$ cat upload.txt   # compact mmCIF, C-alpha atoms
# COMPACT_ATOMS: atom_id res chain seq x y z
CA MET R 1 95.47 93.99 96.48
CA LYS R 2 92.37 92.45 94.96
CA LEU R 3 91.45 90.51 98.10
CA GLN R 4 91.31 93.63 100.23
CA ARG R 5 88.35 94.97 98.27
CA TYR R 6 86.06 92.29 99.61
CA GLY R 7 87.81 91.34 102.84
CA THR R 8 85.23 93.04 105.05
CA ILE R 9 82.30 91.55 103.14
CA ALA R 10 83.91 88.11 103.26
CA CYS R 11 84.49 88.33 106.97
CA LEU R 12 80.92 89.45 107.61
CA ALA R 13 79.68 86.52 105.55
CA LEU R 14 81.81 84.14 107.59
CA THR R 15 80.67 85.73 110.81
CA ALA R 16 77.08 84.98 109.88
CA THR R 17 77.93 81.46 108.76
CA LEU R 18 80.31 80.41 111.50
CA GLY R 19 79.61 82.67 114.46
CA LEU R 20 83.01 84.35 114.49
CA SER R 21 83.54 86.89 117.21
CA ALA R 22 85.56 89.52 115.36
CA CYS R 23 86.18 90.89 111.88
CA GLY R 24 89.64 92.38 111.61
CA SER R 25 91.75 94.51 113.88
CA ASP R 26 94.99 96.43 113.90
CA ASN R 27 97.83 93.94 114.36
CA ASN R 28 99.51 96.41 116.74
CA GLU R 29 96.57 96.35 119.14
CA PRO R 30 95.41 93.64 121.53
CA SER R 31 92.62 91.44 120.21
CA THR R 32 89.14 91.49 121.69
CA SER R 33 87.19 88.34 122.42
CA ALA R 34 83.46 87.77 122.13
CA SER R 35 83.10 88.67 125.81
CA GLY R 36 84.77 92.02 125.22
CA SER R 37 87.95 91.12 127.12
CA THR R 38 91.34 92.05 125.74
CA ALA R 39 93.69 89.19 124.86
CA ALA R 40 97.37 89.98 125.29
CA VAL R 41 99.96 88.28 123.11
CA ASP R 42 102.22 85.90 125.03
CA CYS R 43 105.62 87.31 124.05
CA ALA R 44 108.84 85.30 124.11
CA THR R 45 112.33 85.70 122.73
CA GLY R 46 114.54 83.42 120.70
CA THR R 47 114.42 81.63 117.36
CA VAL R 48 111.96 79.12 115.95
CA ASN R 49 112.38 77.26 112.66
CA ALA R 50 109.38 75.67 110.95
CA GLN R 51 108.55 74.50 107.47
CA GLY R 52 105.96 72.70 105.40
CA SER R 53 102.71 73.62 103.69
CA SER R 54 102.98 76.30 101.04
CA ALA R 55 99.19 76.63 101.23
CA GLN R 56 99.52 78.33 104.61
CA LYS R 57 102.55 80.47 103.73
CA ASN R 58 100.58 83.71 103.31
CA ALA R 59 98.78 83.11 106.60
CA MET R 60 102.00 82.24 108.40
CA ASP R 61 103.70 85.35 107.00
CA GLU R 62 100.86 87.48 108.42
CA TRP R 63 101.00 85.81 111.83
CA ILE R 64 104.79 86.08 112.04
CA LYS R 65 104.72 89.76 111.06
CA ALA R 66 102.04 90.56 113.63
CA TYR R 67 103.80 88.63 116.38
CA GLN R 68 107.18 90.20 115.68
CA GLN R 69 105.62 93.66 115.70
CA LYS R 70 104.35 93.02 119.22
CA CYS R 71 107.28 91.01 120.55
CA GLN R 72 110.87 92.19 120.22
CA GLY R 73 113.88 89.89 120.06
CA VAL R 74 112.11 87.22 118.05
CA THR R 75 113.25 85.36 114.93
CA ILE R 76 110.71 83.06 113.29
CA ASN R 77 111.60 81.27 110.07
CA TYR R 78 108.94 79.45 108.04
CA GLU R 79 110.03 77.70 104.85
CA PRO R 80 107.16 76.76 102.47
CA SER R 81 108.85 73.50 101.47
CA GLY R 82 105.63 71.49 101.06
CA SER R 83 103.70 69.36 103.53
CA GLY R 84 105.70 66.19 102.96
CA ALA R 85 109.03 67.97 103.44
CA GLY R 86 107.70 69.71 106.53
CA ILE R 87 106.72 66.47 108.23
CA THR R 88 110.11 64.97 107.34
CA ALA R 89 111.88 68.00 108.81
CA PHE R 90 109.81 67.73 111.99
CA THR R 91 110.52 64.03 112.46
CA ASN R 92 114.22 64.60 111.70
CA GLY R 93 114.40 67.35 114.31
CA THR R 94 115.26 70.22 111.94
CA ALA R 95 111.86 71.92 112.34
CA ASP R 96 110.31 72.92 115.67
CA PHE R 97 106.86 72.40 114.17
CA ALA R 98 105.55 71.52 110.74
CA GLY R 99 102.81 72.97 108.57
CA SER R 100 100.81 70.33 106.73
CA ASP R 101 97.65 70.32 104.65
CA SER R 102 96.97 66.78 105.82
CA ALA R 103 96.97 65.43 109.34
CA LEU R 104 99.62 62.87 110.22
CA LYS R 105 98.84 59.49 108.70
CA PRO R 106 98.96 56.36 110.91
CA GLU R 107 102.28 55.31 109.40
CA GLU R 108 103.76 58.79 110.07
CA GLN R 109 102.59 59.08 113.67
CA PRO R 110 105.20 56.86 115.41
CA LYS R 111 108.17 58.75 113.91
CA ALA R 112 106.60 62.08 114.80
CA ASP R 113 105.82 60.91 118.35
CA ALA R 114 109.43 59.80 118.79
CA LYS R 115 110.51 63.45 118.60
CA CYS R 116 108.24 64.38 121.52
CA ALA R 117 109.79 63.39 124.82
CA GLY R 118 107.01 62.20 127.11
CA GLY R 119 104.26 63.22 124.70
CA ALA R 120 102.84 62.79 121.22
CA ALA R 121 102.70 64.83 118.02
CA ILE R 122 99.29 66.45 117.57
CA ASN R 123 97.48 68.01 114.63
CA LEU R 124 96.19 71.54 115.18
CA PRO R 125 94.02 72.92 112.34
CA MET R 126 95.03 76.56 112.09
CA VAL R 127 93.32 77.81 108.95
CA ILE R 128 90.89 76.63 106.32
CA GLY R 129 92.15 76.97 102.75
CA PRO R 130 89.60 76.69 99.96
CA VAL R 131 91.13 75.04 96.89
CA ALA R 132 90.37 76.81 93.63
CA ILE R 133 90.03 75.12 90.26
CA ALA R 134 91.88 77.74 88.24
CA PHE R 135 92.01 77.79 84.45
CA ASN R 136 93.36 79.75 81.51
CA LEU R 137 91.46 79.31 78.25
CA ASN R 138 91.38 82.00 75.61
CA GLY R 139 87.83 83.16 74.90
CA VAL R 140 86.33 81.44 77.96
CA ASP R 141 85.81 83.46 81.13
CA ASN R 142 83.24 81.28 82.90
CA LEU R 143 83.52 77.56 83.48
CA GLN R 144 81.67 75.04 85.61
CA VAL R 145 82.64 71.43 86.22
CA LYS R 146 81.12 68.46 88.00
CA PRO R 147 83.45 66.34 90.13
CA ALA R 148 83.24 63.52 87.58
CA THR R 149 84.39 65.87 84.84
CA LEU R 150 87.29 67.07 86.97
CA ALA R 151 88.26 63.47 87.67
CA LYS R 152 88.31 62.67 83.95
CA ILE R 153 90.40 65.75 83.18
CA PHE R 154 93.03 65.04 85.83
CA ALA R 155 93.04 61.28 85.15
CA GLY R 156 93.81 62.08 81.53
CA THR R 157 90.69 60.57 79.95
CA VAL R 158 89.35 63.98 78.84
CA THR R 159 92.04 65.72 76.80
CA LYS R 160 90.32 68.43 74.75
CA TRP R 161 88.40 71.47 75.97
CA ASP R 162 85.49 70.73 73.64
CA ASP R 163 85.06 67.20 75.01
CA PRO R 164 81.37 66.23 75.41
CA ALA R 165 81.78 65.92 79.20
CA ILE R 166 82.88 69.55 79.51
CA LYS R 167 80.24 70.66 77.01
CA ALA R 168 77.54 68.95 79.08
CA ASP R 169 78.58 71.01 82.12
CA ASN R 170 78.76 74.21 80.05
CA PRO R 171 75.94 74.07 77.46
CA ASP R 172 76.12 77.80 76.67
CA ALA R 173 79.91 78.13 76.42
CA LYS R 174 81.89 78.25 73.18
CA LEU R 175 84.63 75.78 73.95
CA PRO R 176 87.66 75.51 71.64
CA SER R 177 89.34 72.25 70.64
CA THR R 178 92.49 73.31 72.51
CA ALA R 179 94.39 70.49 74.21
CA ILE R 180 93.99 70.45 77.99
CA GLN R 181 97.10 70.84 80.11
CA ALA R 182 96.16 69.66 83.59
CA VAL R 183 98.59 71.19 86.08
CA HIS R 184 99.42 69.33 89.29
CA ARG R 185 101.94 69.73 92.10
CA SER R 186 105.30 68.11 91.30
CA ASP R 187 106.34 68.06 94.96
CA GLU R 188 104.61 66.10 97.71
CA SER R 189 101.74 68.25 98.86
CA GLY R 190 98.88 68.17 101.30
CA THR R 191 96.92 70.14 98.72
CA THR R 192 97.31 67.22 96.33
CA ASP R 193 96.28 64.84 99.11
CA ASN R 194 93.11 66.85 99.77
CA PHE R 195 92.27 67.38 96.10
CA THR R 196 92.66 63.68 95.27
CA LYS R 197 90.64 62.83 98.37
CA PHE R 198 87.89 65.09 97.02
CA LEU R 199 88.01 63.27 93.66
CA SER R 200 87.98 59.81 95.27
CA LYS R 201 85.04 60.72 97.53
CA THR R 202 82.91 62.45 94.88
CA ALA R 203 83.85 60.71 91.59
CA ALA R 204 85.02 57.23 92.51
CA ALA R 205 84.03 55.75 89.14
CA ASP R 206 86.31 58.14 87.27
CA TRP R 207 89.10 58.57 89.81
CA THR R 208 90.50 55.22 90.92
CA LEU R 209 93.90 56.37 92.18
CA GLY R 210 92.93 57.13 95.77
CA ASN R 211 94.55 60.03 97.61
CA ALA R 212 98.15 60.80 98.46
CA LYS R 213 100.56 63.72 98.83
CA ALA R 214 102.40 62.58 95.68
CA TRP R 215 100.62 62.92 92.32
CA LYS R 216 99.88 59.48 90.88
CA ALA R 217 97.95 60.11 87.65
CA PRO R 218 99.78 59.76 84.33
CA GLY R 219 100.37 62.76 82.09
CA GLY R 220 99.60 66.33 82.95
CA VAL R 221 102.09 69.06 83.78
CA GLY R 222 103.91 69.24 87.12
CA ALA R 223 104.84 72.49 88.85
CA ALA R 224 106.63 73.01 92.15
CA LYS R 225 104.68 74.40 95.08
CA SER R 226 101.55 76.55 95.00
CA ASP R 227 103.16 79.57 93.39
CA GLY R 228 104.57 77.36 90.64
CA VAL R 229 101.12 75.96 89.83
CA ALA R 230 99.59 79.45 89.77
CA SER R 231 102.40 80.78 87.57
CA LYS R 232 102.07 77.92 85.07
CA ILE R 233 98.32 78.44 84.76
CA LYS R 234 98.66 82.21 84.37
CA SER R 235 101.27 81.92 81.62
CA THR R 236 99.84 79.06 79.54
CA ASP R 237 96.67 78.86 77.46
CA GLY R 238 94.66 75.65 77.82
CA THR R 239 95.66 74.97 81.42
CA ILE R 240 93.59 73.96 84.42
CA GLY R 241 94.87 73.18 87.90
CA TYR R 242 94.13 73.07 91.61
CA VAL R 243 95.64 75.72 93.85
CA GLU R 244 94.80 77.45 97.11
CA TRP R 245 92.38 80.35 96.80
CA SER R 246 94.91 82.91 98.02
CA TYR R 247 97.34 82.03 95.23
CA ALA R 248 94.59 82.05 92.59
CA GLU R 249 93.41 85.46 93.75
CA ASN R 250 96.88 86.95 93.99
CA ALA R 251 97.62 85.79 90.43
CA SER R 252 94.20 87.04 89.18
CA LEU R 253 93.34 83.61 87.79
CA LYS R 254 89.93 82.64 86.49
CA MET R 255 88.21 80.09 88.74
CA ALA R 256 85.62 77.48 87.84
CA LYS R 257 82.38 76.80 89.65
CA VAL R 258 82.37 73.26 91.08
CA GLY R 259 79.47 70.87 91.39
CA ASN R 260 78.43 70.00 94.95
CA GLY R 261 76.34 67.30 96.60
CA ALA R 262 73.22 69.46 96.29
CA GLY R 263 73.47 69.30 92.49
CA GLU R 264 74.53 72.94 92.13
CA PHE R 265 77.57 74.60 90.61
CA ALA R 266 79.04 76.69 93.43
CA ALA R 267 81.42 79.61 92.96
CA LEU R 268 84.29 79.91 95.41
CA THR R 269 83.57 82.64 97.95
CA ALA R 270 84.22 82.97 101.66
CA GLU R 271 80.55 82.29 102.34
CA SER R 272 80.33 79.20 100.09
CA ALA R 273 83.53 77.73 101.56
CA GLY R 274 82.26 78.49 105.05
CA LYS R 275 79.17 76.37 104.45
CA THR R 276 81.36 73.31 103.87
CA ILE R 277 83.62 74.16 106.79
CA ALA R 278 80.65 74.37 109.14
CA GLY R 279 79.94 70.69 108.49
CA ALA R 280 83.48 69.51 109.23
CA LYS R 281 83.94 67.23 112.23
CA ILE R 282 86.84 66.71 114.63
CA GLU R 283 87.84 63.05 114.70
CA GLY R 284 91.04 63.30 116.76
CA GLN R 285 91.17 62.63 120.48
CA GLY R 286 92.01 65.09 123.27
CA ASP R 287 94.16 67.94 121.99
CA ASP R 288 94.69 66.17 118.65
CA LEU R 289 92.19 68.03 116.47
CA LYS R 290 92.32 66.19 113.17
CA MET R 291 89.28 67.21 111.08
CA SER R 292 87.05 65.30 108.67
CA ILE R 293 85.49 67.30 105.83
CA ASP R 294 82.39 66.16 103.97
CA TYR R 295 83.27 66.69 100.31
CA ASN R 296 79.81 65.47 99.33
CA THR R 297 78.07 68.15 101.37
CA LYS R 298 74.48 68.74 100.33
CA GLU R 299 74.37 72.17 101.95
CA ALA R 300 72.84 74.58 99.43
CA GLY R 301 75.45 76.92 97.95
CA ALA R 302 78.43 75.12 99.52
CA TYR R 303 81.76 75.11 97.68
CA PRO R 304 83.02 71.56 98.27
CA ILE R 305 86.83 71.67 97.87
CA VAL R 306 88.31 72.97 101.11
CA LEU R 307 91.25 71.81 103.18
CA ALA R 308 92.26 72.22 106.79
CA THR R 309 95.91 73.17 107.07
CA TYR R 310 97.53 72.07 110.31
CA GLU R 311 100.44 72.83 112.58
CA ILE R 312 101.99 69.55 113.71
CA VAL R 313 103.67 70.06 117.05
CA CYS R 314 104.69 68.11 120.16
CA SER R 315 102.03 68.12 122.87
CA LYS R 316 104.90 67.61 125.33
CA GLY R 317 108.65 67.57 124.98
CA LEU R 318 109.42 70.83 123.20
CA PRO R 319 112.85 72.13 124.31
CA ALA R 320 112.53 74.77 127.00
CA ASP R 321 114.13 77.43 124.80
CA LYS R 322 111.50 76.81 122.09
CA LEU R 323 108.35 76.12 124.09
CA LYS R 324 107.30 79.64 125.06
CA LEU R 325 107.92 81.06 121.60
CA VAL R 326 106.05 78.26 119.81
CA LYS R 327 103.15 78.70 122.23
CA GLY R 328 103.22 82.47 121.76
CA LEU R 329 103.19 82.35 117.96
CA LEU R 330 100.59 79.58 117.66
CA GLY R 331 98.53 81.21 120.41
CA HIS R 332 98.35 84.38 118.32
CA ALA R 333 97.48 82.35 115.20
CA ALA R 334 94.62 80.63 117.05
CA SER R 335 93.30 83.85 118.59
CA ALA R 336 90.21 85.66 117.33
CA GLU R 337 92.47 88.41 116.05
CA GLY R 338 94.84 86.02 114.31
CA GLN R 339 91.97 84.25 112.59
CA ALA R 340 90.12 87.42 111.61
CA SER R 341 93.22 88.65 109.77
CA LEU R 342 92.99 85.79 107.28
CA THR R 343 89.94 86.71 105.20
CA GLU R 344 91.78 89.40 103.29
CA LEU R 345 94.43 86.85 102.36
CA GLY R 346 92.12 84.36 100.70
CA TYR R 347 91.52 82.01 103.63
CA ALA R 348 88.47 81.12 105.69
CA PRO R 349 88.82 81.44 109.48
CA LEU R 350 88.21 78.43 111.68
CA PRO R 351 84.66 77.98 112.97
CA GLU R 352 84.57 79.48 116.45
CA THR R 353 83.80 76.11 118.04
CA VAL R 354 87.01 74.74 116.52
CA ARG R 355 89.08 77.89 117.12
CA THR R 356 88.54 77.77 120.88
CA LYS R 357 89.60 74.09 120.98
CA VAL R 358 92.79 74.92 119.08
CA GLU R 359 93.48 77.85 121.41
CA THR R 360 93.11 75.57 124.44
CA ALA R 361 95.34 72.89 122.89
CA VAL R 362 98.09 75.48 122.31
CA LYS R 363 97.86 76.59 125.94
CA ASN R 364 98.28 72.94 126.98
CA LEU R 365 101.61 72.51 125.14
CA SER R 366 104.38 71.72 127.57
$ encode --input "upload.txt" --output "structure tokens"
Amino acid sequence: MKLQRYGTIACLALTATLGLSACGSDNNEPSTSASGSTAAVDCATGTVNAQGSSAQKNAMDEWIKAYQQKCQGVTINYEPSGSGAGITAFTNGTADFAGSDSALKPEEQPKADAKCAGGAAINLPMVIGPVAIAFNLNGVDNLQVKPATLAKIFAGTVTKWDDPAIKADNPDAKLPSTAIQAVHRSDESGTTDNFTKFLSKTAAADWTLGNAKAWKAPGGVGAAKSDGVASKIKSTDGTIGYVEWSYAENASLKMAKVGNGAGEFAALTAESAGKTIAGAKIEGQGDDLKMSIDYNTKEAGAYPIVLATYEIVCSKGLPADKLKLVKGLLGHAASAEGQASLTELGYAPLPETVRTKVETAVKNLS
């Protein structure tokens, strides 16, 4: 797979940027911490059902496979139904935890808390997913766009590829007069929430629709889930869309450089995404680790569109037959080994300072 060719380089870059303690290991072996100690997986038996973010599907598949290889008698089902559907399933009691590319909103918190007997629902960032601006335009292999230009494209005010706004960002490119098809998620998505948050924070004059899981702009082309967006872009000339890096890489899509707060056009790499991640702050309280990302980062070389994808889980009140297995799986995901396995899948591992907080929060689940 294409990602495997640079997985080691990407991990080394992230190690330098974020201070990670390990770069890859055999999933059948115990992981090793920065102190050199061996971390055993906390095995349990039974069945867990979860659903939500399609952005984290590839990461979740890797974690589930590794956990099941080490722990027999385990069934773990993760349905990539989208962040909105995942939160609904969690609050309705049909999912033991939810994956979401956005932390619980204030209006969602009470319903989620009601599922947790004697506790509250908390947001645990488990992986950082850079969001690629992928495109398919015959004759054009390299593209760069400022946030304002992206806002105009997705708001529907720039409709042709040879529009002056796109030409200004790409003075040396030969841009055709092809109509732009801006591809967005048709289902409620945390990726949409994060992408529209990026537009509202960096191009407020051109994007006046705020941020939400549901796409609000008129026009464009809708596609279901991340693989649907990637497939539409790959198959259709004149398209541009936002999709998680792993899906863009796996579909061999062309990706645009994006303007950042330092006035540069940054290509999406593990290192450039890591520079933005390093500036993210935790704004939740206690074991609730909701993160705030600075989309206007002025860090040189930083790629500005990244999202934190969360596991939403009860801090207390998980049924006894689910608790140990949820803790075991999420404990592996938050481990140095679990995080180091992500770079070859098109994700950026958590900064070590955040990873250890997540690991502790998982241990505190009861």
$ closest_residue --input "upload.txt" --among "R:Ser272, R:Gln68, R:Gln109, R:Thr202" --to "R:Lys257" --atoms "only C-alpha atoms"
R:Ser272
$ closest_residue --input "upload.txt" --among "R:Pro319, R:Gly259, R:Pro110, R:Gly346" --to "R:Val145" --atoms "all atoms listed in the file"
R:Gly259
$ residues_around --input "upload.txt" --residues "R:Ala334" --least-positions-apart "5" --cutoff "8 Å" --atoms "only C-alpha atoms" --output "list of chain:residue names"
R:Met126, R:Gln339, R:Arg355, R:Thr356, R:Val358, R:Glu359
$ write_last_selection --input "upload.txt" --atoms "C-alpha atoms" --output "PDB file, keeping the file's coordinate frame"
ATOM      1  CA  MET R 126      95.030  76.560 112.090  1.00  0.00           C
ATOM      2  CA  GLN R 339      91.970  84.250 112.590  1.00  0.00           C
ATOM      3  CA  ARG R 355      89.080  77.890 117.120  1.00  0.00           C
ATOM      4  CA  THR R 356      88.540  77.770 120.880  1.00  0.00           C
ATOM      5  CA  VAL R 358      92.790  74.920 119.080  1.00  0.00           C
ATOM      6  CA  GLU R 359      93.480  77.850 121.410  1.00  0.00           C
TER       7      GLU R 359
END
$ atom_distance --input "upload.txt" --atom1 "atom CA of R:Lys160" --atom2 "atom CA of R:Thr208"
20.9 Å
$ atom_distance --input "upload.txt" --atom1 "atom CA of R:Ala134" --atom2 "atom CA of R:Glu299"
22.9 Å
$ atom_distance --input "upload.txt" --atom1 "atom CA of R:Glu188" --atom2 "atom CA of R:Thr88"
11.1 Å
$ closest_residue --input "upload.txt" --among "R:Val306, R:Ala204, R:Cys71, R:Ala320" --to "R:Asp42" --atoms "all atoms listed in the file"
R:Cys71
$ residues_around --input "upload.txt" --residues "R:Ala112" --least-positions-apart "6" --cutoff "8 Å" --atoms "only C-alpha atoms" --output "JSON, numbers by chain"
{"R": [87, 90, 91, 120, 121]}
$ residues_around --input "upload.txt" --residues "R:Gly228" --least-positions-apart "5" --cutoff "10 Å" --atoms "all atoms listed in the file" --output "list in words"
Val183, His184, Arg185, Ser186, Gly222, Ala223, Ile233, Lys234, Val243 and Tyr247 of chain R
$ axis_aligned_box --input "upload.txt" --around "stretch 269-287 of chain R" --padding-each-side "4 Å" --output "lines of an AutoDock Vina configuration file"
center_x = 86.7
center_y = 72.8
center_z = 110.6
size_x = 23.0
size_y = 28.3
size_z = 33.3
$ residues_around --input "upload.txt" --residues "stretch 96-98 of chain R" --least-positions-apart "6" --cutoff "12 Å" --atoms "only C-alpha atoms" --output "PDB file with C-alpha atoms, in the frame of the given file"
ATOM      1  CA  THR R  47     114.420  81.630 117.360  1.00  0.00           C
ATOM      2  CA  VAL R  48     111.960  79.120 115.950  1.00  0.00           C
ATOM      3  CA  ASN R  49     112.380  77.260 112.660  1.00  0.00           C
ATOM      4  CA  ALA R  50     109.380  75.670 110.950  1.00  0.00           C
ATOM      5  CA  GLN R  51     108.550  74.500 107.470  1.00  0.00           C
ATOM      6  CA  GLY R  52     105.960  72.700 105.400  1.00  0.00           C
ATOM      7  CA  SER R  53     102.710  73.620 103.690  1.00  0.00           C
ATOM      8  CA  SER R  54     102.980  76.300 101.040  1.00  0.00           C
ATOM      9  CA  GLN R  56      99.520  78.330 104.610  1.00  0.00           C
ATOM     10  CA  LYS R  57     102.550  80.470 103.730  1.00  0.00           C
ATOM     11  CA  MET R  60     102.000  82.240 108.400  1.00  0.00           C
ATOM     12  CA  ILE R  76     110.710  83.060 113.290  1.00  0.00           C
ATOM     13  CA  ASN R  77     111.600  81.270 110.070  1.00  0.00           C
ATOM     14  CA  TYR R  78     108.940  79.450 108.040  1.00  0.00           C
ATOM     15  CA  GLU R  79     110.030  77.700 104.850  1.00  0.00           C
ATOM     16  CA  PRO R  80     107.160  76.760 102.470  1.00  0.00           C
ATOM     17  CA  SER R  81     108.850  73.500 101.470  1.00  0.00           C
ATOM     18  CA  GLY R  82     105.630  71.490 101.060  1.00  0.00           C
ATOM     19  CA  SER R  83     103.700  69.360 103.530  1.00  0.00           C
ATOM     20  CA  GLY R  84     105.700  66.190 102.960  1.00  0.00           C
ATOM     21  CA  ALA R  85     109.030  67.970 103.440  1.00  0.00           C
ATOM     22  CA  GLY R  86     107.700  69.710 106.530  1.00  0.00           C
ATOM     23  CA  ILE R  87     106.720  66.470 108.230  1.00  0.00           C
ATOM     24  CA  THR R  88     110.110  64.970 107.340  1.00  0.00           C
ATOM     25  CA  ALA R  89     111.880  68.000 108.810  1.00  0.00           C
ATOM     26  CA  PHE R  90     109.810  67.730 111.990  1.00  0.00           C
ATOM     27  CA  LEU R 104      99.620  62.870 110.220  1.00  0.00           C
ATOM     28  CA  ALA R 112     106.600  62.080 114.800  1.00  0.00           C
ATOM     29  CA  LYS R 115     110.510  63.450 118.600  1.00  0.00           C
ATOM     30  CA  CYS R 116     108.240  64.380 121.520  1.00  0.00           C
ATOM     31  CA  ALA R 121     102.700  64.830 118.020  1.00  0.00           C
ATOM     32  CA  ILE R 122      99.290  66.450 117.570  1.00  0.00           C
ATOM     33  CA  ASN R 123      97.480  68.010 114.630  1.00  0.00           C
ATOM     34  CA  LEU R 124      96.190  71.540 115.180  1.00  0.00           C
ATOM     35  CA  PRO R 125      94.020  72.920 112.340  1.00  0.00           C
ATOM     36  CA  MET R 126      95.030  76.560 112.090  1.00  0.00           C
ATOM     37  CA  THR R 309      95.910  73.170 107.070  1.00  0.00           C
ATOM     38  CA  TYR R 310      97.530  72.070 110.310  1.00  0.00           C
ATOM     39  CA  GLU R 311     100.440  72.830 112.580  1.00  0.00           C
ATOM     40  CA  ILE R 312     101.990  69.550 113.710  1.00  0.00           C
ATOM     41  CA  VAL R 313     103.670  70.060 117.050  1.00  0.00           C
ATOM     42  CA  CYS R 314     104.690  68.110 120.160  1.00  0.00           C
ATOM     43  CA  SER R 315     102.030  68.120 122.870  1.00  0.00           C
ATOM     44  CA  GLY R 317     108.650  67.570 124.980  1.00  0.00           C
ATOM     45  CA  LEU R 318     109.420  70.830 123.200  1.00  0.00           C
ATOM     46  CA  PRO R 319     112.850  72.130 124.310  1.00  0.00           C
ATOM     47  CA  ALA R 320     112.530  74.770 127.000  1.00  0.00           C
ATOM     48  CA  ASP R 321     114.130  77.430 124.800  1.00  0.00           C
ATOM     49  CA  LYS R 322     111.500  76.810 122.090  1.00  0.00           C
ATOM     50  CA  LEU R 323     108.350  76.120 124.090  1.00  0.00           C
ATOM     51  CA  LYS R 324     107.300  79.640 125.060  1.00  0.00           C
ATOM     52  CA  LEU R 325     107.920  81.060 121.600  1.00  0.00           C
ATOM     53  CA  VAL R 326     106.050  78.260 119.810  1.00  0.00           C
ATOM     54  CA  LYS R 327     103.150  78.700 122.230  1.00  0.00           C
ATOM     55  CA  LEU R 329     103.190  82.350 117.960  1.00  0.00           C
ATOM     56  CA  LEU R 330     100.590  79.580 117.660  1.00  0.00           C
TER      57      LEU R 330
END
$ closest_residue --input "upload.txt" --among "R:Ala44, R:Ala132, R:Ala59, R:Leu137" --to "R:Glu344" --atoms "only C-alpha atoms"
R:Ala59
$ closest_residue --input "upload.txt" --among "R:Ala300, R:Ala340, R:Val140, R:Ala66" --to "R:Gly263" --atoms "only C-alpha atoms"
R:Ala300
$ closest_residue --input "upload.txt" --among "R:Met291, R:Ala205, R:Ala251, R:Ile180" --to "R:Asp237" --atoms "only C-alpha atoms"
R:Ile180
$ decode --input "upload.txt" --residues "stretch 288-314 of chain R" --atoms "C-alpha atoms" --output "JSON list (two decimals), in the first residue's frame"
[["chain", "number", "residue", "atom", "x", "y", "z"],
["R", 288, "ASP", "CA", -12.94, 14.85, 29.63],
["R", 289, "LEU", "CA", -10.23, 15.65, 27.11],
["R", 290, "LYS", "CA", -11.98, 17.78, 24.52],
["R", 291, "MET", "CA", -9.35, 19.52, 22.37],
["R", 292, "SER", "CA", -9.19, 22.96, 20.76],
["R", 293, "ILE", "CA", -7.21, 23.24, 17.52],
["R", 294, "ASP", "CA", -5.81, 26.53, 16.23],
["R", 295, "TYR", "CA", -6.76, 26.56, 12.56],
["R", 296, "ASN", "CA", -4.99, 29.90, 12.16],
["R", 297, "THR", "CA", -1.67, 28.52, 13.36],
["R", 298, "LYS", "CA", 1.30, 30.63, 12.35],
["R", 299, "GLU", "CA", 3.76, 27.78, 12.85],
["R", 300, "ALA", "CA", 6.01, 27.67, 9.78],
["R", 301, "GLY", "CA", 5.20, 24.71, 7.55],
["R", 302, "ALA", "CA", 2.04, 23.72, 9.45],
["R", 303, "TYR", "CA", -0.83, 22.10, 7.55],
["R", 304, "PRO", "CA", -3.89, 23.72, 9.14],
["R", 305, "ILE", "CA", -6.83, 21.32, 8.55],
["R", 306, "VAL", "CA", -6.66, 18.59, 11.16],
["R", 307, "LEU", "CA", -9.31, 17.02, 13.35],
["R", 308, "ALA", "CA", -9.25, 15.12, 16.61],
["R", 309, "THR", "CA", -11.44, 12.05, 16.42],
["R", 310, "TYR", "CA", -12.85, 10.97, 19.77],
["R", 311, "GLU", "CA", -14.26, 7.97, 21.56],
["R", 312, "ILE", "CA", -17.29, 9.07, 23.56],
["R", 313, "VAL", "CA", -17.74, 6.75, 26.51],
["R", 314, "CYS", "CA", -19.22, 6.69, 30.02]]
